[in-house]
Structures are given as structure tokens and as C-alpha cells.
Amino acid sequence: MQSMKWRSLLYAAIIAVAVVYLLPTFVKMPAGLAPYLPKDKISLGLDLQGGMHLALEVETDKALENNLDRYATDLEELLYNEKVPFDSIKRVSGTAIEAKITEADAREKVRQILQKSFPMLKEQKLDETKDGATFTLQIDALEAKQLKKTATEQALETIRNRIDQFGVAEPTIQLQGADQIVIQLPGIKDPKRAIELIGKTALLEFKLVAEGGSVEDALKGDIPADCELLYQKEINAKGETKRTPFLLKKKTLLTGDRLVNAQVQIDSRFNEPYVSMEFDARGAKIFERITEKNIKKRLAIILDNNVYSAPVIQDRIAGGHAQITGRFGMEEARDLAIVLRAGSLPAPVKILEKRAVGPSLGLDSIKQGITAMIIGSVAVILFMLFYYRLLGMVADFAMLLNILLLLATLAAFGATLTVPGLAGIVLTIGMAVDANVLIHERMREEKRLGKTLKACIDTGYSRAFMTILDTHITTIISAIFLFQFGTGPVKGFAITLIIGLVANVFTAFAVTRVIIDFLMSKKAITTLSI
Amino acid sequence: MEFIKQNININFVGKIWYALTLSWTLILLGIVCLVVKGGPHYSIDFKGGTLFQVRFVQQASSGDIRQVIKDMGIEAGSVQNFGDEGQKEYLINIESMVEDLEQFSEKVKAALEAKFGKDSFEIRRTEAVGPKVGKDLRQKALLAVALSCIGMLIYIWFRFEFRFGLGAILGLIHDVLITMGALSLTNTPIDLSVIAALLTIVGYSVNDTIIVCDRIRENMPKMTRKPLREVINISVNQTLSRTILTVSTVFMATLALYIFGGGVIHDFAFTMLVGTITGTYSSIFVACPVVIFWEKFFGNKTAGARR
């Protein structure tokens, strides 16, 4: 009987801990006690509280291409400095650069330069002609893989920055596989705006307008080799889009990488918001040099290949300040400042999966889920009472305790409750009584063999134990695989099922045993009236 | 009280052939249905596409919504009434493999606005799954089902004997096949939550088989002089009371989900309801016969092992 006392105390302690962990979820904490109590509530999944789930793919091939383009430009500059005559240096595929030099004798010198400054580019082919040589340079496979990996990590970091600055409570942002980013934004009200903020490449570039070049000719397709045609898109008050073409020099003079800050400001004359930018020291110097050299020329400010404005440079600008104007709304300007501050994505991202649940649907789901839970448990409770009477009551108590432990564990580990998770609880209710049914049926059989009450209970419990263990372990095995495979809501189901099953071994087996032992010691049970 | 009287002795084993006929009929019916409908009816989770759950302020006819979708030039779309509020809430399913999911959602929204007016509806849920994710999820789902079967086979093999494990696995394959047939017959789309239900059925079915097998194993040393089929029959009868009680409680809980759980959980609950019944049936009429047949064909070896 000594052991019974200790067991009851231990179990009571476990139950008390569970209650404490559940407190924050259901009641408001009194201020004085709060520091001593757990703070974590049961967190609701996106399907219950509303919100958005996004899976993005970073187009790492594009990132690799961007890198190769940069190598080509760097190589061009280097060859120019080293006075190696060349015709053209350009990227010819996703992984290769072609360098045409016009003096075949210079090839050894080129090889030296390559070896010294571009070890990641491997010479794949050399075509010699009578007036020069053409190198085909392939990027090293390992290096390419590394570049792609870096691009994905950078994209993740940038997106995290943007979301942090946008202000979403408890977002989840994580890598999945080689090039995917999974984002969960609970409670977000304007999914469209969030997607625009997250998905924008936000590549800010400064390029000169090609003075003297003819836009008309360019529109007909006659674009000079060092120029490109980009558009300024403007939406007027009537909602019509106006597209103004610009002929620009291809060379990028400065990018948004050099920004240290971007802020929304209000124009005092037109009362319109604009975004003011501040460059770092090196960026400020570059900007100063550009403006100094190109006074009276137009400098275009381009974001993601959209010309925002192309003001005429009036004077040399020192200090590293610039601004983007355009017909912004306040929100748009704010989001633009955020993406500029957070930096550009190293490559465009593509939405692979989007799931958005409105808050009203979430509320409905909670209501319906709880209704189903209550009706399901009341039906099971009444059935057990009706069928097993006193022992049924004990089993019912164990079942309710199981739900309590399940919810407390969810709160303690910060696990997420989802709609399928609610189904998992209902299912746990069904399975919780199974253990007691097994025990009770076994006791009944033992009684038929004419055993004493105590012997019936002992054998009933010990015989049923292994069976209960086996059934629970197999179900847990399938739940674990479900957890491994599942996304959000399904994971929630697997979690509740696993916790419910583990708790069940404790409540349906250990707790009911102590209660029955107690009832027996108080002579409350004298015959097995089941 | 007792539903099942203590001296019950139903000759389950004697009815194996009827059971086999019934099982095969149901399985074949399901397969025929699957073939006629061109494979399982996957939701957008597994084949990619876009889903909108739209609630209108006033009643709207599904025909009008269908027309909007059709006018957008989308052929493969379905519009289903959702929930129990009359003709107010709809699920619009579009089997579209568009590249830009976000723009596409906006286009559908604009088309609906043009037809029904700007604030006449609320889009309560949008799900857009690209074909790549769909394929990925499909593979993962298959892998999860396969791995959990293998995991349980190994566990039962380790705890019992191989033939019990085999019986349990064939039993659960039987259950999954019949459930898939039922899903196809009722046009229930297979989505992530239905896969969760299928995996739960897998667990439940094995669970049930274990309880019967456990009893068979317990009875074997006590009844060495009786033929195996009789031992099995006795064991099934002994556990019958528990089987019926558990099925009833699980069924009751799931039925509550099915009726009151709301639209999101409806298909999950339906799958579970079917699975609960077949899971119980299969542990008696599929798993046990497998053990008997195994004894027939490999009898000498296992008979020796029994003593």
C-alpha cells in the first residue's frame, strides 16, 4: 500500500504540472505570478488563425548567370588593363564564358591572368584562327554548386530581413531542400502585398541615358550594341498604364548593394512620398565620380528593369544621397524602402505553393472542431458509463486526463494545433478508451474463470499491458512517418496523435490502476460489476 | 452489461471463402471504378492547380460561377457547393498549371468581381500549388505510406512471427484498396488530409490485427492439440467483445467529426469511417486466413516452431 501512496503523489504532481502549463492558454495571468509560470500558449496553425504559407524557389541558375556576367565584365576590365587586345567577352551559356582575343600570341598571358584571378573558370576549348583565338571557359562544377548555395542562403537572409521590417508576428522562414524557401506568416491580412514585398528582386541600378541615340530607331529594333531599351511604367489616376521607352547605356554604374539606408520622405511641394537613399563611403565616392563626369546628362534609376526616373544631373553630388521619385502611394513607398534597405535578392524567386486562409474561416474551423470534439467525447463518455458503470467512470476520467496532458504538452513544446490536429484529438479520444476496453474485457474473462477480485484486476492489467504497448507502438510508427512527410496541417495531426498515444499509456494504464487499487482498498469495489 | 455473451462461438474461419468473395468483389469494384474514372481523383495538393473557397453575401448559383470560369478560357475547372449554408459558399477548383500563381489568383478574383460586384463575396481560402510541388508531395505521400508499412512489418515480425506480420500487411493493403475504391466511388478528392487519414487507417488496421494475433499467440501453447484454425477461431471469439466495443467508440468519435467537424475535415472523416470498418473486418477475415494459408503451405516448419 506504501507504493500506492507514492504512485498517487507522482501522478498528482504530473497532472499539476500539466495544469500549470495549460494556464497561459486559457486564463489571463495575474501580473504578480506571471514571472514564475510558463508563458507559452498552444500555438494555432495557419488553418485555424488565418495566414499564409508560401513555398518559393530561388532561381539559382539565374544567380549563376549573374555571377558569370560579372566575371565576364571583370575579365574584360583586367584584359583592358593588361593591354591584351580582345574582341568580345561574353557569357554563352548558363555555365560558360567565351573570350575572343585578337592576338593569338597573347594566349599564354591570358592563361596566366585566368589562373591568377579566375581559378574557378576552367579552359574547356581553344579555337585558334589566323587573326586571334577564342577561349571557351567553363565554370568549375563545385564552384557552381557553391555559388547556387550561397545565392539561396542570401535570398533566405534577405527575405527574413524584409519580413522582419514589414512587421509580422512570429513568422517562420526556412530552407527546404537545395533551393526552396518555406515561409509562414500567421495572421497576415493582405497576402498580396506581402507576396509583392517578398518576391520582388529589388535590383536597383543606375545607368546613363544614351544621349543622341534614337528611341524611334530602337523601337524598330535597331539598338546599338552597348545600349538597351527599358520602359518607365506609370499608372495614372484612371488606372491606365503609360509606358515610356528609354534608350540606356547597358553598363551598370552603381547598384543598390552600396546602400546603407532608405527612408520614406514626404515631398513638401507635391505632398507626395518619395524614397531617399544613402550610400556607403565607397558608393558615395562612385556616385560622386559618376555625377562629376556626366553633368547635364541624364541618369536613369532602374528597379528590376523598370525605369523609375531619369533626372538630368545638374551638378556633382557629394555625400552619397539620392532619391527615387515616382507616383507612389504611401504603402508602396514604405514597401520600396523596406526592400531597398533589406537588399536585393541574388536571383528571382518563383512561387511554387501558396496557401492563404482568411481569419473568418479559421474561426469557423475552431468552432466546428471544438463542437465535434465535445460531441464525440460526450458520446464516448456516456457509452463507457453505460457499459462499464464504475469502471467506465474511471476510464472516462483517464480519457479526460489524456486530453489535458495532450493539450499541456502541445503548450509546453510550442507545438502547433491545426484542423487535422483537432481530428487527431478526436481520434485519440476514440483510441484512449480502447486500452481500458482491453483491460476490462480481460478482467471479465478472468472473472469467468472464477478468480478473486484482486487476481482478476492483476491479470487483467498485466495481460493487457503488452497488447496495449504493441498497438501503441505500431500506431506511433505510422504517425512518425506521417510527421516526416507531412506539411503544416498534416504535421499537426501527426504530433497530436503521437502525444496522445504516449499520454494514453500513462493515463489509461497507470492512472486507472492507481484509482482502482484505491477504490479496492476502501472497499468501494467488492465485486467486479462490469 | 454485455453485448457479446461469454460463450459465443461464431465459426469465423469457416466463413473465410464468403469473406474472400466479398473482399475481392469490393476491391475489384473499387479498381473498376478507378480505371473507369482514369485513376485516383487527386486534389490540387497532388497534381497542382488553384483552389478558391469563396463565400458570397447573397446566394449565388454555381452555374454563374462556372460561366465566369469558362469565360476566362479555363476548361478544367469544377465548382462545388461547400458547407451547409445553402448556396452561399463554394469551392472553385482549377486544374491550371500556370507559371505565375499569384497573377492568376488576381485574375480569377477580378473576373468574379466583374460578374458579382466588388464586395459581394469574400475569398476565405486560396491554395495554389505548382506542378512541381504537387509531384513532390505525391512522391512523399507514397513514400510515407510505403515506409510506414515496412516499419510496422518489421516491428510485428520482431515481436511476433513473420506470418503475422504478413497477415497484418496484407490486411492493411486490403483496407487501403477498399478505401481508395470508396473514395473514387464517392468522387472524394485525395488531398493531404485524406492521406493522413489513410495512414491512420494503416495504424488502426494493424492495431486491430495485433490484438487478435496476440491472443492467437497466447492460446497456441495452451491448445497444442487443437488444429490452428480452431485456435484462431477461439481467439477471434475471445477478442470479439473488445473488437466490437472499440470499433463502436472510434466510429462514434469519427462520426462526430464527419457530421460536426466542418467542411475542411469532412473528407478526412469520411476516409476514417470507411477505414475503421474495413480495418476491423480485415483483421478477422484477411489477417487470420493468411496465417492459416501460411501454415498450409509452409506447415512443417512453423508447426515445429509452435512447440
# chains A, B, ... in the order shown; residues from 1 in each chain; ligands from 1
>>> interface_residues(of="chain A", to="chain B", cutoff="7 Å", atoms="only C-alpha atoms", output="PyMOL selection string")
chain A and resi 351-358+361+365+368-369+371-372+375-377+380+387-388+420+426-427+430-431+434+437-438+441+467+471+474-475+477-478+481-482+485+490+530
>>> select_by_dssp(residues="stretch 11-221 of chain B", states="strand (DSSP E)", output="mmCIF file with C-alpha atoms, in the first residue's frame")
data_model
loop_
_atom_site.group_PDB
_atom_site.id
_atom_site.type_symbol
_atom_site.label_atom_id
_atom_site.label_comp_id
_atom_site.auth_asym_id
_atom_site.auth_seq_id
_atom_site.Cartn_x
_atom_site.Cartn_y
_atom_site.Cartn_z
ATOM 1 C CA GLY B 49 -3.703 23.801 -59.545
ATOM 2 C CA THR B 50 -5.592 26.512 -57.776
ATOM 3 C CA LEU B 51 -8.430 26.347 -55.277
ATOM 4 C CA PHE B 52 -10.613 29.151 -54.021
ATOM 5 C CA GLN B 53 -13.084 28.957 -51.202
ATOM 6 C CA VAL B 54 -15.494 31.815 -51.774
ATOM 7 C CA ARG B 55 -18.379 32.887 -49.598
ATOM 8 C CA PHE B 56 -20.992 35.109 -51.161
ATOM 9 C CA GLY B 77 -12.463 23.683 -63.554
ATOM 10 C CA SER B 78 -15.023 22.482 -61.066
ATOM 11 C CA VAL B 79 -17.367 24.408 -58.805
ATOM 12 C CA GLN B 80 -18.731 22.666 -55.739
ATOM 13 C CA ASN B 81 -21.086 23.786 -53.035
ATOM 14 C CA GLU B 89 -20.180 29.082 -50.131
ATOM 15 C CA TYR B 90 -18.312 27.414 -52.964
ATOM 16 C CA LEU B 91 -15.070 25.648 -53.701
ATOM 17 C CA ILE B 92 -13.673 26.561 -57.069
ATOM 18 C CA ASN B 93 -11.062 24.122 -58.294
ATOM 19 C CA ILE B 94 -8.974 24.983 -61.264
ATOM 20 C CA PHE B 121 -18.080 37.919 -51.796
ATOM 21 C CA GLU B 122 -15.123 37.056 -49.616
ATOM 22 C CA ILE B 123 -12.326 34.766 -50.662
ATOM 23 C CA ARG B 124 -11.773 32.839 -47.461
ATOM 24 C CA ARG B 125 -9.094 30.485 -48.661
ATOM 25 C CA THR B 126 -6.794 30.312 -51.649
ATOM 26 C CA GLU B 127 -4.475 27.452 -52.293
ATOM 27 C CA ALA B 128 -2.186 27.408 -55.252
ATOM 28 C CA VAL B 129 0.132 24.509 -55.805
#
>>> closest_residue(among="B:Val286, B:Met180, B:Ile27, B:Ala111", to="B:Lys70", atoms="only C-alpha atoms")
B:Ala111
>>> closest_residue(among="A:Ile301, A:Ile89, A:Leu208, A:Ala178", to="A:Thr152", atoms="only C-alpha atoms")
A:Ala178
>>> residues_around(residues="A:Thr158", least_positions_apart="4", cutoff="7 Å", atoms="only C-alpha atoms", output="list in words")
Gln154, Arg162, Ala342, Gly343 and Leu345 of chain A
>>> residues_around(residues="A:Glu98", least_positions_apart="5", cutoff="8 Å", atoms="only C-alpha atoms", output="mmCIF file with C-alpha atoms, in the first residue's frame")
data_model
loop_
_atom_site.group_PDB
_atom_site.id
_atom_site.type_symbol
_atom_site.label_atom_id
_atom_site.label_comp_id
_atom_site.auth_asym_id
_atom_site.auth_seq_id
_atom_site.Cartn_x
_atom_site.Cartn_y
_atom_site.Cartn_z
ATOM 1 C CA SER A 88 34.453 40.380 -77.086
ATOM 2 C CA ILE A 89 33.996 38.630 -73.770
ATOM 3 C CA LYS A 90 30.571 37.290 -73.064
ATOM 4 C CA ARG A 91 28.588 34.571 -71.389
ATOM 5 C CA VAL A 92 27.499 31.999 -73.978
ATOM 6 C CA THR A 134 38.741 32.094 -78.804
ATOM 7 C CA PHE A 135 38.704 30.673 -75.297
ATOM 8 C CA THR A 136 35.680 28.784 -74.018
ATOM 9 C CA LEU A 137 35.753 28.950 -70.235
#
>>> residues_around(residues="A:Thr102", least_positions_apart="6", cutoff="10 Å", atoms="only C-alpha atoms", output="MDAnalysis selection string")
chainID A and resid 84:88 129:134
>>> atom_distance(atom1="atom CA of A:Leu254", atom2="atom CA of A:Lys207")
7.6 Å
>>> select_by_dssp(residues="stretch 190-387 of chain A", states="alpha helix (DSSP H)", output="CSV table (one decimal) with C-alpha atoms, in the first residue's frame")
chain,number,residue,atom,x,y,z
A,191,PRO,CA,-1.4,38.4,-48.6
A,192,LYS,CA,-1.0,40.1,-52.0
A,193,ARG,CA,1.1,43.0,-50.5
A,194,ALA,CA,3.2,40.5,-48.6
A,195,ILE,CA,3.9,38.5,-51.7
A,196,GLU,CA,5.0,41.6,-53.6
A,197,LEU,CA,7.3,42.6,-50.8
A,198,ILE,CA,8.9,39.1,-50.5
A,199,GLY,CA,9.0,38.3,-54.2
A,215,VAL,CA,14.5,55.9,-79.3
A,216,GLU,CA,12.4,55.7,-82.5
A,217,ASP,CA,15.1,53.5,-84.2
A,218,ALA,CA,15.5,51.4,-81.1
A,219,LEU,CA,11.7,50.8,-81.0
A,281,ALA,CA,31.5,55.5,-48.3
A,282,ARG,CA,32.6,53.7,-51.4
A,283,GLY,CA,29.2,54.1,-53.0
A,284,ALA,CA,29.2,57.7,-52.2
A,285,LYS,CA,32.5,58.1,-54.0
A,286,ILE,CA,31.4,56.2,-57.1
A,287,PHE,CA,28.2,58.3,-57.2
A,288,GLU,CA,30.3,61.5,-56.9
A,289,ARG,CA,32.5,60.4,-59.7
A,290,ILE,CA,29.5,59.5,-61.9
A,291,THR,CA,27.8,62.8,-61.4
A,292,GLU,CA,31.0,64.7,-61.9
A,293,LYS,CA,31.8,63.1,-65.2
A,330,MET,CA,2.3,55.7,-49.0
A,331,GLU,CA,2.3,51.9,-48.7
A,332,GLU,CA,4.1,51.4,-51.9
A,333,ALA,CA,6.8,53.9,-50.8
A,334,ARG,CA,7.1,52.2,-47.5
A,335,ASP,CA,7.5,48.7,-49.0
A,336,LEU,CA,10.0,50.0,-51.5
A,337,ALA,CA,12.1,51.5,-48.7
A,338,ILE,CA,12.0,48.1,-46.9
A,339,VAL,CA,13.2,46.1,-49.9
A,340,LEU,CA,15.9,48.6,-50.6
A,341,ARG,CA,17.1,48.5,-47.0
A,342,ALA,CA,17.0,44.7,-46.9
A,359,PRO,CA,-9.3,34.7,-40.4
A,360,SER,CA,-13.1,34.1,-40.6
A,361,LEU,CA,-12.6,30.6,-42.0
A,362,GLY,CA,-10.1,29.9,-39.2
A,363,LEU,CA,-12.7,30.9,-36.6
A,364,ASP,CA,-15.3,28.7,-38.2
A,365,SER,CA,-12.9,25.8,-38.2
A,366,ILE,CA,-12.1,26.3,-34.5
A,367,LYS,CA,-15.8,26.4,-33.6
A,368,GLN,CA,-16.7,23.4,-35.7
A,369,GLY,CA,-13.7,21.4,-34.5
A,370,ILE,CA,-14.5,22.1,-30.8
A,371,THR,CA,-18.1,21.2,-31.4
A,372,ALA,CA,-17.1,17.9,-32.9
A,373,MET,CA,-14.7,17.3,-30.1
A,374,ILE,CA,-17.3,17.9,-27.4
A,375,ILE,CA,-20.0,15.8,-29.1
A,376,GLY,CA,-17.5,13.0,-29.8
A,377,SER,CA,-16.2,12.9,-26.2
A,378,VAL,CA,-19.7,13.1,-24.6
A,379,ALA,CA,-20.9,10.2,-26.8
A,380,VAL,CA,-17.9,8.1,-25.8
A,381,ILE,CA,-18.1,9.1,-22.1
A,382,LEU,CA,-21.8,8.2,-21.9
A,383,PHE,CA,-21.2,4.9,-23.8
A,384,MET,CA,-18.4,3.9,-21.3
A,385,LEU,CA,-20.5,4.8,-18.3
A,386,PHE,CA,-23.5,2.9,-19.6
A,387,TYR,CA,-21.4,-0.2,-20.5
>>> residues_around(residues="stretch 399-406 of chain A", least_positions_apart="3", cutoff="9 Å", atoms="only C-alpha atoms", output="number ranges by chain")
A: 14-15, 18-19, 22, 377, 381, 394-396, 409-411, 425, 428-429, 432-433, 496, 499-501, 503-504, 506-508
>>> atom_distance(atom1="atom CA of A:Leu156", atom2="atom CA of A:Asp69")
22.6 Å
>>> residues_around(residues="stretch 321-328 of chain A", least_positions_apart="3", cutoff="8 Å", atoms="only C-alpha atoms", output="number ranges by chain")
A: 234, 272-279, 284, 301, 308-309, 317-318, 331-333
>>> decode(residues="stretch 446-493 of chain A", atoms="C-alpha atoms", output="JSON list (two decimals), in the first residue's frame")
[["chain", "number", "residue", "atom", "x", "y", "z"],
["A", 446, "GLU", "CA", -10.58, -13.80, -15.70],
["A", 447, "LYS", "CA", -13.72, -13.44, -13.57],
["A", 448, "ARG", "CA", -15.39, -16.18, -15.59],
["A", 449, "LEU", "CA", -12.52, -18.45, -14.68],
["A", 450, "GLY", "CA", -13.61, -17.90, -11.06],
["A", 451, "LYS", "CA", -10.66, -15.85, -9.86],
["A", 452, "THR", "CA", -10.79, -13.47, -6.92],
["A", 453, "LEU", "CA", -11.32, -9.75, -7.47],
["A", 454, "LYS", "CA", -7.68, -8.88, -6.86],
["A", 455, "ALA", "CA", -6.44, -11.66, -9.12],
["A", 456, "CYS", "CA", -8.84, -10.53, -11.86],
["A", 457, "ILE", "CA", -7.51, -6.98, -11.71],
["A", 458, "ASP", "CA", -3.86, -8.06, -11.55],
["A", 459, "THR", "CA", -4.10, -10.43, -14.50],
["A", 460, "GLY", "CA", -6.32, -8.08, -16.45],
["A", 461, "TYR", "CA", -3.74, -5.32, -16.25],
["A", 462, "SER", "CA", -0.64, -7.40, -16.77],
["A", 463, "ARG", "CA", -2.07, -9.37, -19.72],
["A", 464, "ALA", "CA", -3.41, -6.29, -21.42],
["A", 465, "PHE", "CA", -0.22, -4.29, -20.95],
["A", 466, "MET", "CA", 1.88, -5.92, -23.68],
["A", 467, "THR", "CA", -1.00, -5.75, -26.12],
["A", 468, "ILE", "CA", -1.54, -2.06, -25.38],
["A", 469, "LEU", "CA", 2.16, -1.40, -25.83],
["A", 470, "ASP", "CA", 2.24, -3.21, -29.18],
["A", 471, "THR", "CA", -0.77, -1.42, -30.57],
["A", 472, "HIS", "CA", 0.50, 1.96, -29.45],
["A", 473, "ILE", "CA", 3.99, 1.44, -30.83],
["A", 474, "THR", "CA", 2.74, 0.41, -34.27],
["A", 475, "THR", "CA", 0.45, 3.42, -34.47],
["A", 476, "ILE", "CA", 3.28, 5.67, -33.35],
["A", 477, "ILE", "CA", 5.46, 4.19, -36.11],
["A", 478, "SER", "CA", 2.96, 5.24, -38.77],
["A", 479, "ALA", "CA", 2.49, 8.65, -37.13],
["A", 480, "ILE", "CA", 6.24, 9.26, -37.22],
["A", 481, "PHE", "CA", 6.38, 8.64, -40.96],
["A", 482, "LEU", "CA", 3.39, 10.91, -41.33],
["A", 483, "PHE", "CA", 5.24, 13.62, -39.43],
["A", 484, "GLN", "CA", 8.29, 13.17, -41.65],
["A", 485, "PHE", "CA", 6.31, 13.52, -44.84],
["A", 486, "GLY", "CA", 3.67, 15.99, -43.89],
["A", 487, "THR", "CA", 3.48, 19.70, -44.40],
["A", 488, "GLY", "CA", 1.93, 22.10, -41.86],
["A", 489, "PRO", "CA", -1.56, 20.83, -41.09],
["A", 490, "VAL", "CA", -0.74, 17.15, -41.50],
["A", 491, "LYS", "CA", 2.28, 17.52, -39.26],
["A", 492, "GLY", "CA", -0.10, 18.92, -36.65],
["A", 493, "PHE", "CA", -2.17, 15.78, -36.92]]
